Amino acid sequence: MFLTNTNIVTDALLGVAVGDALGVPAEFVSRELRDERPVVDMRAYGTHNQPAGTWSDDTSLTLCLADMLCGSFSLEALAGNFINWQQHGLFTARGHVFDIGIATSQAIHRLRTGTPPTLAGGADEYSNGNGSLMRILPLVFYTRQMTIEERFRYTRNVSSLTHRHIRSVIACFIYLEYARLLLDGVEKHAALHQLQDSLPAFLITCEGVTEEELNRFHRILALRVGRYDPSPPLAQLPRGEIYSDGYVLHTLEASLWCLLNTATYAEAVLTAVNMGSDTDTTAAVTGGLAGILYGANSIPPEWLAVLARRSYIEELAGRMYTAVSKL
């Protein structure tokens, strides 16, 4: 059994869900307005007119993956979960879908009409929203003991159900590799330095990864681009140079920046929400890492008290922990 902390899957899933729920009422609100009226607590209604503690598609699709990982690994089963979520409201906070990305919706339509899972996601450059990054975290528990080549292959396949452009795959892979180091107890800044030392040489050998694509991640991987020196360390970039829209690279950068520049779960996810724009996803992606780093016990109890379907999330996390611990 490689997972010594029996609560770690719960930490991750609750971390995603609480961050998501904090961001739902503020989604699409500008950073300027958030600066004037920052979010400091769990709110109700707002953008989607939902009760406090309601999470969105970010958590729903994360739970779809967690549920699949409770049994035999199957992309077809994962596709079925996605379809049941969209069509029947399974894996939702309150029985219905109120938020879904265009690329994800299109991909699920392809899955419904028989497209193989690894070919369902958009593959063009404009299909690089954050819809696979926001749901990928449970995979780290399944692939943790695999070789790096296997970890990349599984990441590519799971991302490809909705987003199969190599940029989305790389973003998901960096996120999972960072989460894996946090699971191993590596300090958060040291974990990023380890990725900067190891990942570029591996990624450039992977099918579809070009130097141009890899260089898009230069702020995270501290790459030298052309004759220019590497960017300043990501954590040292000013907030004004961190973007929080729906672009997968921006979401990854923002989530890492929020984690690196804060010291608690609450501070990390509130920083993410107050970035504005795609608040639920930025906070969900940040929250998953912060959940692993600080534990669910660090989440303010008043936030957990109103979280939709908390007991279901905890029960699913328990089942998933049991399943992956047997690998």
# chains A, B, ... in the order shown; residues from 1 in each chain; ligands from 1
$ residues_around --residues "stretch 187-204 of chain A" --least-positions-apart "3" --cutoff "6 Å" --atoms "only C-alpha atoms" --output "CSV table (one decimal) with N, CA and C atoms, in the first residue's frame"
chain,number,residue,atom,x,y,z
A,181,LEU,N,4.7,15.2,-6.6
A,181,LEU,CA,5.8,15.6,-5.7
A,181,LEU,C,5.2,16.1,-4.4
A,209,VAL,N,5.3,16.6,-29.1
A,209,VAL,CA,5.8,17.8,-28.3
A,209,VAL,C,7.0,18.4,-29.1
A,221,LEU,N,8.4,26.2,-16.4
A,221,LEU,CA,9.6,25.3,-16.5
A,221,LEU,C,10.9,26.1,-16.5
$ residues_around --residues "A:Leu259" --least-positions-apart "4" --cutoff "7 Å" --atoms "only C-alpha atoms" --output "MDAnalysis selection string"
chainID A and resid 255 268 286 290
$ write_last_selection --atoms "C-alpha atoms" --output "PDB file, in the first residue's frame"
ATOM      1  CA  SER A 255      -3.023  27.940  -9.870  1.00  0.00           C
ATOM      2  CA  ALA A 268      -4.722  29.978  -1.709  1.00  0.00           C
ATOM      3  CA  THR A 286      -5.586  25.579  -6.993  1.00  0.00           C
ATOM      4  CA  ALA A 290      -3.851  23.045  -1.644  1.00  0.00           C
TER       5      ALA A 290
END
$ closest_atom_pairs --of "stretch 135-191 of chain A" --to "stretch 82-98 of chain A" --cutoff "12 Å" --atoms "only C-alpha atoms" --output "tab-separated table"
residue	atom	partner	partner_atom	distance
A:Arg135	CA	A:Phe82	CA	11.2
A:Val158	CA	A:Phe82	CA	11.9
A:Leu161	CA	A:Phe82	CA	9.4
A:Thr162	CA	A:Phe82	CA	9.9
$ select_by_dssp --residues "stretch 256-289 of chain A" --states "alpha helix (DSSP H)" --output "list in words"
Leu256, Trp257, Cys258, Leu259, Leu260, Tyr265, Ala266, Glu267, Ala268, Val269, Leu270, Thr271, Ala272, Val273, Thr279, Asp280, Thr281, Thr282, Ala283, Ala284, Val285, Thr286, Gly287, Gly288 and Leu289 of chain A
$ residues_around --residues "stretch 141-152 of chain A" --least-positions-apart "2" --cutoff "8 Å" --atoms "only C-alpha atoms" --output "CSV table (one decimal) with C-alpha atoms, in the first residue's frame"
chain,number,residue,atom,x,y,z
A,9,VAL,CA,-7.8,11.3,-1.6
A,69,LEU,CA,-10.9,4.8,-10.8
A,138,PRO,CA,-7.6,12.0,-9.3
A,139,LEU,CA,-5.4,10.4,-12.0
A,154,TYR,CA,-2.4,7.8,-19.2
A,155,THR,CA,-2.5,11.6,-18.9
A,156,ARG,CA,-2.7,12.0,-22.7
A,173,PHE,CA,0.9,16.3,-17.1
A,180,ARG,CA,2.8,13.8,-7.3
A,324,VAL,CA,-5.8,2.6,-5.8
A,327,LEU,CA,-2.4,-1.3,-7.2
$ residues_around --residues "A:Pro232" --least-positions-apart "6" --cutoff "12 Å" --atoms "only C-alpha atoms" --output "PyMOL selection string"
chain A and resi 218-224+238+241
$ write_last_selection --atoms "C-alpha atoms" --output "PDB file, in the first residue's frame"
ATOM      1  CA  HIS A 218       8.671  28.646 -20.223  1.00  0.00           C
ATOM      2  CA  ARG A 219       7.341  30.605 -17.219  1.00  0.00           C
ATOM      3  CA  ILE A 220       6.586  27.379 -15.361  1.00  0.00           C
ATOM      4  CA  LEU A 221       9.578  25.332 -16.499  1.00  0.00           C
ATOM      5  CA  ALA A 222      12.097  28.238 -16.389  1.00  0.00           C
ATOM      6  CA  LEU A 223      13.066  27.662 -20.017  1.00  0.00           C
ATOM      7  CA  ARG A 224      15.376  29.852 -21.997  1.00  0.00           C
ATOM      8  CA  PRO A 238       3.616  40.351 -10.292  1.00  0.00           C
ATOM      9  CA  GLU A 241       1.229  39.306 -15.241  1.00  0.00           C
TER      10      GLU A 241
END
$ residues_around --residues "A:Val16" --least-positions-apart "5" --cutoff "6 Å" --atoms "only C-alpha atoms" --output "list of chain:residue names"
A:Ala284, A:Gly287, A:Gly288
$ closest_atom_pairs --of "stretch 192-305 of chain A" --to "stretch 39-55 of chain A" --cutoff "7 Å" --atoms "only C-alpha atoms" --output "Markdown table"
| residue | atom | partner | partner_atom | distance |
| --- | --- | --- | --- | --- |
| A:Leu270 | CA | A:Val40 | CA | 6.6 |
| A:Asn274 | CA | A:Val39 | CA | 6.3 |
| A:Trp303 | CA | A:Met42 | CA | 6.1 |
$ write_last_selection --atoms "C-alpha atoms" --output "PDB file, in the first residue's frame"
ATOM      1  CA  LEU A 270      -9.445  32.991  -2.067  1.00  0.00           C
ATOM      2  CA  ASN A 274     -10.132  37.075  -6.484  1.00  0.00           C
ATOM      3  CA  TRP A 303     -17.207  26.188   4.168  1.00  0.00           C
TER       4      TRP A 303
END
$ closest_residue --among "A:Leu234, A:Cys206, A:Leu260, A:Val269" --to "A:Ile299" --atoms "only C-alpha atoms"
A:Val269
$ atom_distance --atom1 "atom CA of A:Tyr294" --atom2 "atom CA of A:Cys258"
13.9 Å
$ closest_residue --among "A:Ala66, A:Val140, A:Leu111, A:Val248" --to "A:Asp184" --atoms "only C-alpha atoms"
A:Val140
$ residues_around --residues "A:Ser132" --least-positions-apart "5" --cutoff "10 Å" --atoms "only C-alpha atoms" --output "list in words"
Asp58, Leu61, Thr62, Ala103, Thr104, Gly121, Leu137, Thr155, Val158, Ser159, Ser160, Leu161, Thr162, His163, Arg164, Ser168, Val169, Ala171, Cys172 and Val248 of chain A
$ residues_around --residues "A:Glu76" --least-positions-apart "2" --cutoff "10 Å" --atoms "only C-alpha atoms" --output "list in words"
Met68, Phe73, Ser74, Leu78, Ala79, Gly80, Asn81, Phe82, Leu111, Pro116, Pro117, Thr118 and Leu161 of chain A
$ write_last_selection --atoms "C-alpha atoms" --output "short mmCIF file (atom, residue, chain, number, x, y, z; two decimals), in the first residue's frame"
data_model
loop_
_atom_site.label_atom_id
_atom_site.label_comp_id
_atom_site.auth_asym_id
_atom_site.auth_seq_id
_atom_site.Cartn_x
_atom_site.Cartn_y
_atom_site.Cartn_z
CA MET A 68 -14.13 5.28 -12.79
CA PHE A 73 -9.43 1.50 -15.57
CA SER A 74 -11.66 2.13 -18.57
CA LEU A 78 -15.22 7.38 -18.02
CA ALA A 79 -16.96 8.43 -21.23
CA GLY A 80 -20.15 6.86 -19.90
CA ASN A 81 -19.84 8.87 -16.71
CA PHE A 82 -19.43 12.07 -18.70
CA LEU A 111 -18.69 10.25 -27.37
CA PRO A 116 -13.56 6.51 -29.54
CA PRO A 117 -12.63 8.22 -26.26
CA THR A 118 -9.07 9.08 -27.26
CA LEU A 161 -11.70 12.62 -24.02
#
$ select_by_dssp --residues "stretch 47-238 of chain A" --states "strand (DSSP E or B)" --output "ChimeraX atom specification"
/A:50,122,129,163
$ atom_distance --atom1 "atom CA of A:Asn130" --atom2 "atom CA of A:Leu249"
7.8 Å
$ atom_distance --atom1 "atom CA of A:Ala263" --atom2 "atom CA of A:Leu133"
23.1 Å
$ closest_residue --among "A:Leu316, A:Gly185, A:Ile174, A:Thr251" --to "A:Asp280" --atoms "only C-alpha atoms"
A:Thr251
